[in-house]
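**Student:** Sharing entry-v1.pdb below, PDB, C-alpha atoms:
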ATOM      1  CA  MET A   1     -32.469 117.970  45.578  1.00  0.00           C
ATOM      2  CA  GLU A   2     -29.882 117.538  48.323  1.00  0.00           C
ATOM      3  CA  LYS A   3     -26.934 115.242  47.805  1.00  0.00           C
ATOM      4  CA  LYS A   4     -27.605 113.431  51.073  1.00  0.00           C
ATOM      5  CA  THR A   5     -31.105 112.567  49.823  1.00  0.00           C
ATOM      6  CA  ILE A   6     -29.697 111.018  46.673  1.00  0.00           C
ATOM      7  CA  ALA A   7     -26.933 109.276  48.628  1.00  0.00           C
ATOM      8  CA  SER A   8     -29.509 107.620  50.885  1.00  0.00           C
ATOM      9  CA  MET A   9     -31.125 106.021  47.826  1.00  0.00           C
ATOM     10  CA  ILE A  10     -27.977 104.654  46.158  1.00  0.00           C
ATOM     11  CA  ASP A  11     -27.040 100.994  45.988  1.00  0.00           C
ATOM     12  CA  HIS A  12     -23.336 101.348  45.231  1.00  0.00           C
ATOM     13  CA  ALA A  13     -22.504  98.585  42.757  1.00  0.00           C
ATOM     14  CA  VAL A  14     -19.288  96.565  42.871  1.00  0.00           C
ATOM     15  CA  LEU A  15     -20.258  93.856  40.405  1.00  0.00           C
ATOM     16  CA  LYS A  16     -17.665  93.754  37.637  1.00  0.00           C
ATOM     17  CA  PRO A  17     -16.275  90.234  37.260  1.00  0.00           C
ATOM     18  CA  GLU A  18     -12.727  91.520  37.687  1.00  0.00           C
ATOM     19  CA  ALA A  19     -13.475  93.355  40.967  1.00  0.00           C
ATOM     20  CA  SER A  20     -10.936  92.112  43.520  1.00  0.00           C
ATOM     21  CA  ASP A  21     -10.990  92.088  47.323  1.00  0.00           C
ATOM     22  CA  LYS A  22      -8.854  95.234  47.261  1.00  0.00           C
ATOM     23  CA  ASP A  23     -11.337  96.906  44.906  1.00  0.00           C
ATOM     24  CA  LEU A  24     -14.221  95.974  47.177  1.00  0.00           C
ATOM     25  CA  LYS A  25     -12.541  97.426  50.254  1.00  0.00           C
ATOM     26  CA  ARG A  26     -11.915 100.709  48.427  1.00  0.00           C
ATOM     27  CA  GLU A  27     -15.510 100.924  47.201  1.00  0.00           C
ATOM     28  CA  CYS A  28     -16.889 100.154  50.661  1.00  0.00           C
ATOM     29  CA  GLU A  29     -14.880 103.078  52.007  1.00  0.00           C
ATOM     30  CA  ILE A  30     -16.484 105.328  49.385  1.00  0.00           C
ATOM     31  CA  ALA A  31     -19.947 104.000  50.228  1.00  0.00           C
ATOM     32  CA  ALA A  32     -19.423 104.552  53.951  1.00  0.00           C
ATOM     33  CA  ARG A  33     -18.113 108.071  53.381  1.00  0.00           C
ATOM     34  CA  TYR A  34     -21.236 109.088  51.461  1.00  0.00           C
ATOM     35  CA  LYS A  35     -23.630 107.031  53.643  1.00  0.00           C
ATOM     36  CA  VAL A  36     -25.379 105.291  50.767  1.00  0.00           C
ATOM     37  CA  ALA A  37     -28.194 102.789  51.265  1.00  0.00           C
ATOM     38  CA  SER A  38     -26.170  99.697  50.427  1.00  0.00           C
ATOM     39  CA  VAL A  39     -23.198  98.257  48.616  1.00  0.00           C
ATOM     40  CA  CYS A  40     -24.317  95.706  46.041  1.00  0.00           C
ATOM     41  CA  VAL A  41     -21.670  93.018  45.655  1.00  0.00           C
ATOM     42  CA  LYS A  42     -21.107  89.632  44.072  1.00  0.00           C
ATOM     43  CA  PRO A  43     -22.271  86.740  46.271  1.00  0.00           C
ATOM     44  CA  SER A  44     -18.669  85.698  46.944  1.00  0.00           C
ATOM     45  CA  HIS A  45     -17.997  89.168  48.366  1.00  0.00           C
ATOM     46  CA  VAL A  46     -20.914  89.333  50.816  1.00  0.00           C
ATOM     47  CA  THR A  47     -18.958  88.263  53.887  1.00  0.00           C
ATOM     48  CA  LEU A  48     -16.043  90.622  53.202  1.00  0.00           C
ATOM     49  CA  ALA A  49     -18.423  93.498  52.456  1.00  0.00           C
ATOM     50  CA  GLY A  50     -20.110  92.910  55.804  1.00  0.00           C
ATOM     51  CA  GLU A  51     -16.765  93.115  57.560  1.00  0.00           C
ATOM     52  CA  CYS A  52     -15.839  96.322  55.713  1.00  0.00           C
ATOM     53  CA  LEU A  53     -19.183  98.002  56.414  1.00  0.00           C
ATOM     54  CA  LYS A  54     -19.630  96.954  60.032  1.00  0.00           C
ATOM     55  CA  GLY A  55     -20.795  99.897  62.129  1.00  0.00           C
ATOM     56  CA  THR A  56     -21.254 102.248  59.144  1.00  0.00           C
ATOM     57  CA  GLY A  57     -25.028 101.919  58.770  1.00  0.00           C
ATOM     58  CA  VAL A  58     -24.571 100.910  55.117  1.00  0.00           C
ATOM     59  CA  LYS A  59     -26.257  97.626  54.236  1.00  0.00           C
ATOM     60  CA  VAL A  60     -24.882  94.760  52.182  1.00  0.00           C
ATOM     61  CA  SER A  61     -26.890  93.770  49.136  1.00  0.00           C
ATOM     62  CA  THR A  62     -26.094  91.110  46.559  1.00  0.00           C
ATOM     63  CA  VAL A  63     -27.286  89.697  43.257  1.00  0.00           C
ATOM     64  CA  ILE A  64     -29.106  86.440  42.571  1.00  0.00           C
ATOM     65  CA  GLY A  65     -29.054  84.628  39.226  1.00  0.00           C
ATOM     66  CA  PHE A  66     -26.839  87.407  37.910  1.00  0.00           C
ATOM     67  CA  PRO A  67     -26.533  88.610  35.200  1.00  0.00           C
ATOM     68  CA  HIS A  68     -28.714  86.482  32.901  1.00  0.00           C
ATOM     69  CA  GLY A  69     -31.417  85.119  35.218  1.00  0.00           C
ATOM     70  CA  SER A  70     -31.232  81.679  33.635  1.00  0.00           C
ATOM     71  CA  ALA A  71     -30.231  79.632  36.681  1.00  0.00           C
ATOM     72  CA  THR A  72     -32.845  77.183  37.919  1.00  0.00           C
ATOM     73  CA  THR A  73     -35.168  78.201  40.713  1.00  0.00           C
ATOM     74  CA  PHE A  74     -33.423  75.718  43.026  1.00  0.00           C
ATOM     75  CA  CYS A  75     -30.074  77.391  42.384  1.00  0.00           C
ATOM     76  CA  LYS A  76     -31.483  80.897  42.854  1.00  0.00           C
ATOM     77  CA  ALA A  77     -33.093  79.847  46.124  1.00  0.00           C
ATOM     78  CA  ALA A  78     -29.858  78.297  47.373  1.00  0.00           C
ATOM     79  CA  GLU A  79     -27.890  81.392  46.381  1.00  0.00           C
ATOM     80  CA  ALA A  80     -30.385  83.607  48.189  1.00  0.00           C
ATOM     81  CA  ARG A  81     -30.316  81.493  51.332  1.00  0.00           C
ATOM     82  CA  GLU A  82     -26.516  81.394  51.508  1.00  0.00           C
ATOM     83  CA  SER A  83     -26.195  85.122  50.773  1.00  0.00           C
ATOM     84  CA  ILE A  84     -28.526  85.999  53.642  1.00  0.00           C
ATOM     85  CA  GLN A  85     -26.652  83.633  55.960  1.00  0.00           C
ATOM     86  CA  ASN A  86     -23.455  85.441  54.976  1.00  0.00           C
ATOM     87  CA  GLY A  87     -24.946  88.820  55.885  1.00  0.00           C
ATOM     88  CA  ALA A  88     -26.833  90.190  52.864  1.00  0.00           C
ATOM     89  CA  GLU A  89     -29.892  92.227  53.842  1.00  0.00           C
ATOM     90  CA  GLU A  90     -31.145  92.922  50.322  1.00  0.00           C
ATOM     91  CA  LEU A  91     -31.231  90.730  47.209  1.00  0.00           C
ATOM     92  CA  ASP A  92     -31.390  91.845  43.567  1.00  0.00           C
ATOM     93  CA  MET A  93     -32.664  88.881  41.548  1.00  0.00           C
ATOM     94  CA  VAL A  94     -32.668  88.654  37.751  1.00  0.00           C
ATOM     95  CA  ILE A  95     -35.953  87.490  36.277  1.00  0.00           C
ATOM     96  CA  ASN A  96     -35.832  84.427  33.986  1.00  0.00           C
ATOM     97  CA  ILE A  97     -35.921  86.423  30.756  1.00  0.00           C
ATOM     98  CA  GLY A  98     -36.128  83.440  28.430  1.00  0.00           C
ATOM     99  CA  LYS A  99     -39.098  81.963  30.279  1.00  0.00           C
ATOM    100  CA  LEU A 100     -40.799  85.360  30.310  1.00  0.00           C
ATOM    101  CA  LEU A 101     -40.382  85.747  26.548  1.00  0.00           C
ATOM    102  CA  SER A 102     -41.621  82.163  26.092  1.00  0.00           C
ATOM    103  CA  GLY A 103     -44.860  83.117  27.805  1.00  0.00           C
ATOM    104  CA  ASP A 104     -44.302  80.728  30.704  1.00  0.00           C
ATOM    105  CA  PHE A 105     -45.601  83.211  33.248  1.00  0.00           C
ATOM    106  CA  ASP A 106     -46.360  80.618  35.925  1.00  0.00           C
ATOM    107  CA  TYR A 107     -42.697  79.615  35.917  1.00  0.00           C
ATOM    108  CA  VAL A 108     -41.543  83.232  36.172  1.00  0.00           C
ATOM    109  CA  ARG A 109     -43.942  84.011  39.014  1.00  0.00           C
ATOM    110  CA  GLN A 110     -42.952  80.913  40.997  1.00  0.00           C
ATOM    111  CA  ASP A 111     -39.251  81.527  40.330  1.00  0.00           C
ATOM    112  CA  ILE A 112     -39.573  84.938  41.959  1.00  0.00           C
ATOM    113  CA  LYS A 113     -41.861  83.756  44.751  1.00  0.00           C
ATOM    114  CA  GLU A 114     -39.466  81.116  46.017  1.00  0.00           C
ATOM    115  CA  VAL A 115     -36.710  83.696  46.402  1.00  0.00           C
ATOM    116  CA  VAL A 116     -39.148  86.228  47.890  1.00  0.00           C
ATOM    117  CA  ASP A 117     -40.236  83.710  50.517  1.00  0.00           C
ATOM    118  CA  ILE A 118     -36.644  83.027  51.555  1.00  0.00           C
ATOM    119  CA  ALA A 119     -35.829  86.734  51.701  1.00  0.00           C
ATOM    120  CA  HIS A 120     -38.907  87.726  53.674  1.00  0.00           C
ATOM    121  CA  GLU A 121     -38.546  84.845  56.113  1.00  0.00           C
ATOM    122  CA  LYS A 122     -35.152  86.302  57.069  1.00  0.00           C
ATOM    123  CA  GLY A 123     -36.233  89.948  56.986  1.00  0.00           C
ATOM    124  CA  ALA A 124     -34.457  90.754  53.718  1.00  0.00           C
ATOM    125  CA  LEU A 125     -35.735  92.791  50.768  1.00  0.00           C
ATOM    126  CA  LEU A 126     -36.130  91.345  47.275  1.00  0.00           C
ATOM    127  CA  LYS A 127     -35.684  93.456  44.127  1.00  0.00           C
ATOM    128  CA  VAL A 128     -36.540  91.901  40.767  1.00  0.00           C
ATOM    129  CA  ILE A 129     -34.458  92.938  37.762  1.00  0.00           C
ATOM    130  CA  ILE A 130     -36.608  92.722  34.634  1.00  0.00           C
ATOM    131  CA  GLU A 131     -33.854  93.733  32.142  1.00  0.00           C
ATOM    132  CA  THR A 132     -35.828  96.377  30.263  1.00  0.00           C
ATOM    133  CA  SER A 133     -33.451  96.601  27.291  1.00  0.00           C
ATOM    134  CA  LEU A 134     -34.461  93.082  26.224  1.00  0.00           C
ATOM    135  CA  LEU A 135     -38.228  93.532  26.546  1.00  0.00           C
ATOM    136  CA  SER A 136     -41.080  95.185  24.686  1.00  0.00           C
ATOM    137  CA  ASP A 137     -43.225  97.613  26.650  1.00  0.00           C
ATOM    138  CA  GLU A 138     -45.904  94.937  26.912  1.00  0.00           C
ATOM    139  CA  MET A 139     -43.430  92.490  28.416  1.00  0.00           C
ATOM    140  CA  LYS A 140     -42.064  95.135  30.803  1.00  0.00           C
ATOM    141  CA  VAL A 141     -45.579  95.596  32.171  1.00  0.00           C
ATOM    142  CA  THR A 142     -46.099  91.838  32.412  1.00  0.00           C
ATOM    143  CA  ALA A 143     -42.793  91.348  34.208  1.00  0.00           C
ATOM    144  CA  CYS A 144     -43.644  94.034  36.746  1.00  0.00           C
ATOM    145  CA  LYS A 145     -47.062  92.551  37.428  1.00  0.00           C
ATOM    146  CA  LEU A 146     -45.617  89.060  37.877  1.00  0.00           C
ATOM    147  CA  ALA A 147     -43.048  90.428  40.321  1.00  0.00           C
ATOM    148  CA  GLU A 148     -45.772  92.094  42.361  1.00  0.00           C
ATOM    149  CA  GLU A 149     -47.927  88.965  42.327  1.00  0.00           C
ATOM    150  CA  ALA A 150     -44.944  87.017  43.656  1.00  0.00           C
ATOM    151  CA  GLY A 151     -44.478  89.478  46.526  1.00  0.00           C
ATOM    152  CA  ALA A 152     -41.379  91.400  45.408  1.00  0.00           C
ATOM    153  CA  ASP A 153     -40.471  94.609  47.229  1.00  0.00           C
ATOM    154  CA  TYR A 154     -38.982  96.353  44.188  1.00  0.00           C
ATOM    155  CA  VAL A 155     -38.896  96.106  40.426  1.00  0.00           C
ATOM    156  CA  LYS A 156     -35.583  97.141  38.904  1.00  0.00           C
ATOM    157  CA  THR A 157     -34.719  98.158  35.350  1.00  0.00           C
ATOM    158  CA  SER A 158     -31.427  96.545  34.494  1.00  0.00           C
ATOM    159  CA  THR A 159     -28.320  94.579  35.388  1.00  0.00           C
ATOM    160  CA  GLY A 160     -26.112  96.875  33.328  1.00  0.00           C
ATOM    161  CA  PHE A 161     -24.578  93.788  31.711  1.00  0.00           C
ATOM    162  CA  ASN A 162     -27.195  92.907  29.070  1.00  0.00           C
ATOM    163  CA  GLY A 163     -27.474  95.835  26.683  1.00  0.00           C
ATOM    164  CA  GLY A 164     -28.836  99.227  27.711  1.00  0.00           C
ATOM    165  CA  GLY A 165     -29.469 100.701  31.121  1.00  0.00           C
ATOM    166  CA  ALA A 166     -32.221 102.691  32.766  1.00  0.00           C
ATOM    167  CA  THR A 167     -34.380 105.242  30.965  1.00  0.00           C
ATOM    168  CA  LEU A 168     -36.916 107.647  32.358  1.00  0.00           C
ATOM    169  CA  GLU A 169     -39.541 106.231  30.001  1.00  0.00           C
ATOM    170  CA  ASP A 170     -39.065 102.737  31.415  1.00  0.00           C
ATOM    171  CA  VAL A 171     -39.170 103.971  34.995  1.00  0.00           C
ATOM    172  CA  LEU A 172     -42.437 105.800  34.394  1.00  0.00           C
ATOM    173  CA  LEU A 173     -43.926 102.712  32.731  1.00  0.00           C
ATOM    174  CA  MET A 174     -42.807 100.473  35.589  1.00  0.00           C
ATOM    175  CA  ARG A 175     -44.193 102.861  38.198  1.00  0.00           C
ATOM    176  CA  LYS A 176     -47.584 102.702  36.459  1.00  0.00           C
ATOM    177  CA  SER A 177     -47.456  98.910  36.221  1.00  0.00           C
ATOM    178  CA  VAL A 178     -47.318  98.179  39.937  1.00  0.00           C
ATOM    179  CA  SER A 179     -49.192  99.326  43.007  1.00  0.00           C
ATOM    180  CA  ASP A 180     -47.761 101.563  45.703  1.00  0.00           C
ATOM    181  CA  LYS A 181     -46.746  98.422  47.589  1.00  0.00           C
ATOM    182  CA  VAL A 182     -43.913  97.889  45.101  1.00  0.00           C
ATOM    183  CA  LYS A 183     -41.032 100.338  44.733  1.00  0.00           C
ATOM    184  CA  VAL A 184     -38.955 101.054  41.633  1.00  0.00           C
ATOM    185  CA  LYS A 185     -35.180 100.957  41.251  1.00  0.00           C
ATOM    186  CA  ALA A 186     -33.314 102.381  38.258  1.00  0.00           C
ATOM    187  CA  SER A 187     -29.942 100.880  37.404  1.00  0.00           C
ATOM    188  CA  GLY A 188     -27.521 101.049  34.514  1.00  0.00           C
ATOM    189  CA  GLY A 189     -25.942 104.151  33.017  1.00  0.00           C
ATOM    190  CA  ILE A 190     -26.620 106.563  35.886  1.00  0.00           C
ATOM    191  CA  LYS A 191     -23.446 108.641  35.879  1.00  0.00           C
ATOM    192  CA  ASN A 192     -24.193 112.157  37.138  1.00  0.00           C
ATOM    193  CA  PHE A 193     -26.184 114.139  39.683  1.00  0.00           C
ATOM    194  CA  ASP A 194     -28.792 115.450  37.222  1.00  0.00           C
ATOM    195  CA  GLN A 195     -29.596 111.938  35.995  1.00  0.00           C
ATOM    196  CA  ALA A 196     -29.894 110.633  39.531  1.00  0.00           C
ATOM    197  CA  ALA A 197     -32.226 113.475  40.555  1.00  0.00           C
ATOM    198  CA  ALA A 198     -34.381 112.957  37.451  1.00  0.00           C
ATOM    199  CA  PHE A 199     -34.849 109.251  38.179  1.00  0.00           C
ATOM    200  CA  ILE A 200     -35.844 109.999  41.754  1.00  0.00           C
ATOM    201  CA  ASP A 201     -38.304 112.643  40.547  1.00  0.00           C
ATOM    202  CA  ALA A 202     -39.760 109.999  38.208  1.00  0.00           C
ATOM    203  CA  GLY A 203     -40.581 107.760  41.164  1.00  0.00           C
ATOM    204  CA  CYS A 204     -37.462 105.729  41.938  1.00  0.00           C
ATOM    205  CA  LEU A 205     -36.625 105.065  45.566  1.00  0.00           C
ATOM    206  CA  ARG A 206     -33.334 103.314  44.796  1.00  0.00           C
ATOM    207  CA  LEU A 207     -30.610 103.870  42.216  1.00  0.00           C
ATOM    208  CA  GLY A 208     -28.023 101.288  41.230  1.00  0.00           C
ATOM    209  CA  THR A 209     -24.716 102.779  40.137  1.00  0.00           C
ATOM    210  CA  SER A 210     -20.960 102.344  40.352  1.00  0.00           C
ATOM    211  CA  ALA A 211     -20.499 106.110  39.827  1.00  0.00           C
ATOM    212  CA  THR A 212     -21.488 107.177  43.348  1.00  0.00           C
ATOM    213  CA  GLU A 213     -18.499 109.442  43.901  1.00  0.00           C
ATOM    214  CA  GLN A 214     -18.941 111.064  40.498  1.00  0.00           C
ATOM    215  CA  ILE A 215     -22.656 111.653  41.104  1.00  0.00           C
ATOM    216  CA  LEU A 216     -22.261 113.075  44.593  1.00  0.00           C
ATOM    217  CA  SER A 217     -19.366 115.326  43.669  1.00  0.00           C
ATOM    218  CA  GLY A 218     -21.892 117.245  41.538  1.00  0.00           C
ATOM    219  CA  PHE A 219     -20.544 116.230  38.145  1.00  0.00           C
ATOM    220  CA  SER A 220     -22.981 116.799  35.277  1.00  0.00           C
ATOM    221  CA  ALA A 221     -22.390 115.647  31.734  1.00  0.00           C
ATOM    222  CA  GLY A 222     -25.296 117.699  30.421  1.00  0.00           C
ATOM    223  CA  MET A 223     -27.018 114.675  28.936  1.00  0.00           C
ATOM    224  CA  ASN A 224     -30.529 114.777  27.517  1.00  0.00           C
ATOM    225  CA  LEU A 225     -32.522 113.030  30.219  1.00  0.00           C
ATOM    226  CA  GLY A 226     -35.392 112.368  27.839  1.00  0.00           C
ATOM    227  CA  GLN A 227     -33.213 109.907  25.964  1.00  0.00           C
ATOM    228  CA  ASP A 228     -31.523 106.690  26.976  1.00  0.00           C
ATOM    229  CA  ALA A 229     -29.187 107.543  29.820  1.00  0.00           C
ATOM    230  CA  TYR A 230     -26.301 105.127  29.231  1.00  0.00           C
TER     231      TYR A 230
END
Please re-express this file's structure in structure tokens.
**Tutor:**
Amino acid sequence: MEKKTIASMIDHAVLKPEASDKDLKRECEIAARYKVASVCVKPSHVTLAGECLKGTGVKVSTVIGFPHGSATTFCKAAEARESIQNGAEELDMVINIGKLLSGDFDYVRQDIKEVVDIAHEKGALLKVIIETSLLSDEMKVTACKLAEEAGADYVKTSTGFNGGGATLEDVLLMRKSVSDKVKVKASGGIKNFDQAAAFIDAGCLRLGTSATEQILSGFSAGMNLGQDAY
């Protein structure tokens, strides 16, 4: 697989709480150099990211309800609306994990739908983070189906801040749980070229990682891709 193919599917993550304006500017330069799909930033960094990436062809994406998904639907909707106004073209929203595990599926579906509606009205994409490390396989399937019912564009494995990251097993399960209308994004623990290629081969069309430069420089840690790739 060519590096430029992988690069075109990367959402370069700059989401650590300590990431400063200076850090963001440096990471945007890396993203522009490799021509990734987007730079995924904290909501407070959306405007600056847009300024840094202007004319590069790299999109600005941001997170909603991050990292725990427990904000109210009203707050998630407001965050989504403001982020799009500030220049975000893609949103990565964390599902309400507690409500999902409580079996309140109507709440979860509506929570996603309200953000989807805002995103789609403005021409933005919506990715739903289901946080696979906290769910049983049954709940992973349920979460994916609820996201599709609500109109999400992608289902995504992880935030990278709540336990484990992406695994090939989870990606394959998620791909089977939704129709072809919904795409899959792997995120969390993707650190080298071989991992990235394996996730794409498994059906992912986006990869979330902060290790873009490491991945695209051809580094390989020789990890067993059949196991958790943290």
**Student:** Taking 5 positions as the minimum chain separation for residues in the same chain, which residues sit within 9 Å of Asp137 of chain A when counting all atoms listed in the file? Answer as a short mmCIF file (atom, residue, chain, number, x, y, z; two decimals) with C-alpha atoms, in the frame of the given file.
**Tutor:**
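The resulting selection_38.cif:
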data_model
loop_
_atom_site.label_atom_id
_atom_site.label_comp_id
_atom_site.auth_asym_id
_atom_site.auth_seq_id
_atom_site.Cartn_x
_atom_site.Cartn_y
_atom_site.Cartn_z
CA THR A 132 -35.83 96.38 30.26
CA THR A 142 -46.10 91.84 32.41
CA ASP A 170 -39.06 102.74 31.42
CA LEU A 173 -43.93 102.71 32.73
#
**Student:** Can you turn the PyMOL selection byres ((chain A and resi 113) around 10) into a concrete residue list for this file, as a compact mmCIF listing (two decimals) with C-alpha atoms, in the frame of the given file?
**Tutor:**
# COMPACT_ATOMS: atom_id res chain seq x y z
CA THR A 73 -35.17 78.20 40.71
CA ALA A 77 -33.09 79.85 46.12
CA TYR A 107 -42.70 79.61 35.92
CA VAL A 108 -41.54 83.23 36.17
CA ARG A 109 -43.94 84.01 39.01
CA GLN A 110 -42.95 80.91 41.00
CA ASP A 111 -39.25 81.53 40.33
CA ILE A 112 -39.57 84.94 41.96
CA GLU A 114 -39.47 81.12 46.02
CA VAL A 115 -36.71 83.70 46.40
CA VAL A 116 -39.15 86.23 47.89
CA ASP A 117 -40.24 83.71 50.52
CA ILE A 118 -36.64 83.03 51.56
CA ALA A 119 -35.83 86.73 51.70
CA LEU A 126 -36.13 91.34 47.28
CA LEU A 146 -45.62 89.06 37.88
CA ALA A 147 -43.05 90.43 40.32
CA GLU A 148 -45.77 92.09 42.36
CA GLU A 149 -47.93 88.96 42.33
CA ALA A 150 -44.94 87.02 43.66
CA GLY A 151 -44.48 89.48 46.53
CA ALA A 152 -41.38 91.40 45.41
**Student:** Please measure the separation of atom CA of Asp180 of chain A and atom CA of Val60 of chain A, giving the value in Å to one decimal.
**Tutor:** 24.7 Å
**Student:** To one decimal in Å, tell me the separation between atom CA of Val41 of chain A and atom CA of Ala13 of chain A.
**Tutor:**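 Between atom CA of Val41 of chain A and atom CA of Ala13 of chain A the gap is 6.3 Å.
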**Student:** Which residues are close to Lys191 of chain A, i.e. within 8 Å by only C-alpha atoms, leaving aside same-chain residues fewer than 4 positions away? Reply as a ChimeraX atom specification.
**Tutor:** /A:195-196,209,211-212,214-215
**Student:** In file coordinates, which residues lie within 12 Å of (-23.7, 108.7, 38.9) using only C-alpha atoms, given as an MDAnalysis selection string?
**Tutor:** chainID A and resid 3 6:7 9:13 186:199 207:221 229:230
**Student:** Provide an axis-aligned box for all listed atoms of segment 200-216 of chain A, padding each side by 8 Å; report its centre and its edge lengths in Å to one decimal, as AutoDock Vina command-line options.
**Tutor:**
--center_x -29.5 --center_y 107.2 --center_z 41.9 --size_x 38.1 --size_y 27.8 --size_z 23.4
**Student:** May I have the protein, DNA and RNA residues with an atom at most 10 Å from (-29.9, 91.6, 45.5), counting only C-alpha atoms in the file's coordinates, returned as a compact mmCIF listing (two decimals) with C-alpha atoms, in the coordinates of the input?
**Tutor:**
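After the write, selection10.txt holds the following:
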# COMPACT_ATOMS: atom_id res chain seq x y z
CA ASP A 11 -27.04 100.99 45.99
CA VAL A 39 -23.20 98.26 48.62
CA CYS A 40 -24.32 95.71 46.04
CA VAL A 41 -21.67 93.02 45.66
CA LYS A 42 -21.11 89.63 44.07
CA PRO A 43 -22.27 86.74 46.27
CA VAL A 60 -24.88 94.76 52.18
CA SER A 61 -26.89 93.77 49.14
CA THR A 62 -26.09 91.11 46.56
CA VAL A 63 -27.29 89.70 43.26
CA ILE A 64 -29.11 86.44 42.57
CA GLY A 65 -29.05 84.63 39.23
CA PHE A 66 -26.84 87.41 37.91
CA ALA A 80 -30.38 83.61 48.19
CA SER A 83 -26.20 85.12 50.77
CA ILE A 84 -28.53 86.00 53.64
CA ALA A 88 -26.83 90.19 52.86
CA GLU A 89 -29.89 92.23 53.84
CA GLU A 90 -31.14 92.92 50.32
CA LEU A 91 -31.23 90.73 47.21
CA ASP A 92 -31.39 91.84 43.57
CA MET A 93 -32.66 88.88 41.55
CA VAL A 94 -32.67 88.65 37.75
CA ALA A 119 -35.83 86.73 51.70
CA ALA A 124 -34.46 90.75 53.72
CA LEU A 125 -35.74 92.79 50.77
CA LEU A 126 -36.13 91.34 47.28
CA LYS A 127 -35.68 93.46 44.13
CA VAL A 128 -36.54 91.90 40.77
CA ILE A 129 -34.46 92.94 37.76
**Student:** Which distance in Å separates atom CA of Tyr34 of chain A and atom CA of Arg175 of chain A, to one decimal?
**Tutor:**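 Result for atom CA of Tyr34 of chain A versus atom CA of Arg175 of chain A: 27.2 Å, one decimal.
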**Student:** Find the spatial neighbours of Leu53 of chain A, counting all atoms listed in the file, within a cut-off of 10 Å - ignore same-chain residues fewer than 6 positions away - and output them as a list in words.
**Tutor:**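 That gives Lys25, Cys28, Glu29, Ala31, Ala32, Ser38, Val39, Lys59 and Val60 of chain A.
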**Student:** Next, the residues of the selection above should be written as an mmCIF file, in the frame of the given file with C-alpha atoms.
**Tutor:**
data_model
loop_
_atom_site.group_PDB
_atom_site.id
_atom_site.type_symbol
_atom_site.label_atom_id
_atom_site.label_comp_id
_atom_site.auth_asym_id
_atom_site.auth_seq_id
_atom_site.Cartn_x
_atom_site.Cartn_y
_atom_site.Cartn_z
ATOM 1 C CA LYS A 25 -12.541 97.426 50.254
ATOM 2 C CA CYS A 28 -16.889 100.154 50.661
ATOM 3 C CA GLU A 29 -14.880 103.078 52.007
ATOM 4 C CA ALA A 31 -19.947 104.000 50.228
ATOM 5 C CA ALA A 32 -19.423 104.552 53.951
ATOM 6 C CA SER A 38 -26.170 99.697 50.427
ATOM 7 C CA VAL A 39 -23.198 98.257 48.616
ATOM 8 C CA LYS A 59 -26.257 97.626 54.236
ATOM 9 C CA VAL A 60 -24.882 94.760 52.182
#
**Student:** So, with all atoms listed in the file as the atoms that count, which of A:Ser177, A:Ser133, A:Thr167, A:Thr56 lies closest to Tyr154 of chain A?
**Tutor:** A:Ser177
**Student:** Give as a ChimeraX atom specification the residues that the PyMOL selection byres ((chain A and resi 161) around 10) matches when applied to the coordinates above.
**Tutor:** /A:15-16,66-68,131,158-160,162-165,188
**Student:** Which residue, A:Lys99, A:His45, A:Arg81, A:Lys185, has the smallest gap to Gly69 of chain A when you use only C-alpha atoms?
**Tutor:**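 For Gly69 of chain A, the nearest of the candidates is A:Lys99.
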**Student:** From the set A:Val184, A:Leu101, A:Ala166, A:Leu205, which residue has the shortest atom-to-atom contact distance to Leu135 of chain A, counting only C-alpha atoms?
**Tutor:**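 Checking each of A:Val184, A:Leu101, A:Ala166, A:Leu205 against Leu135 of chain A, counting only C-alpha atoms, the winner is A:Leu101.
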**Student:** Check the smallest atom-to-atom distance from each of A:Thr72, A:Ser8, A:Ser20, A:Asn86 to Glu51 of chain A using all atoms listed in the file, then report the winner.
**Tutor:**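 When distances to Glu51 of chain A are compared using all atoms listed in the file, the smallest one comes from A:Asn86.
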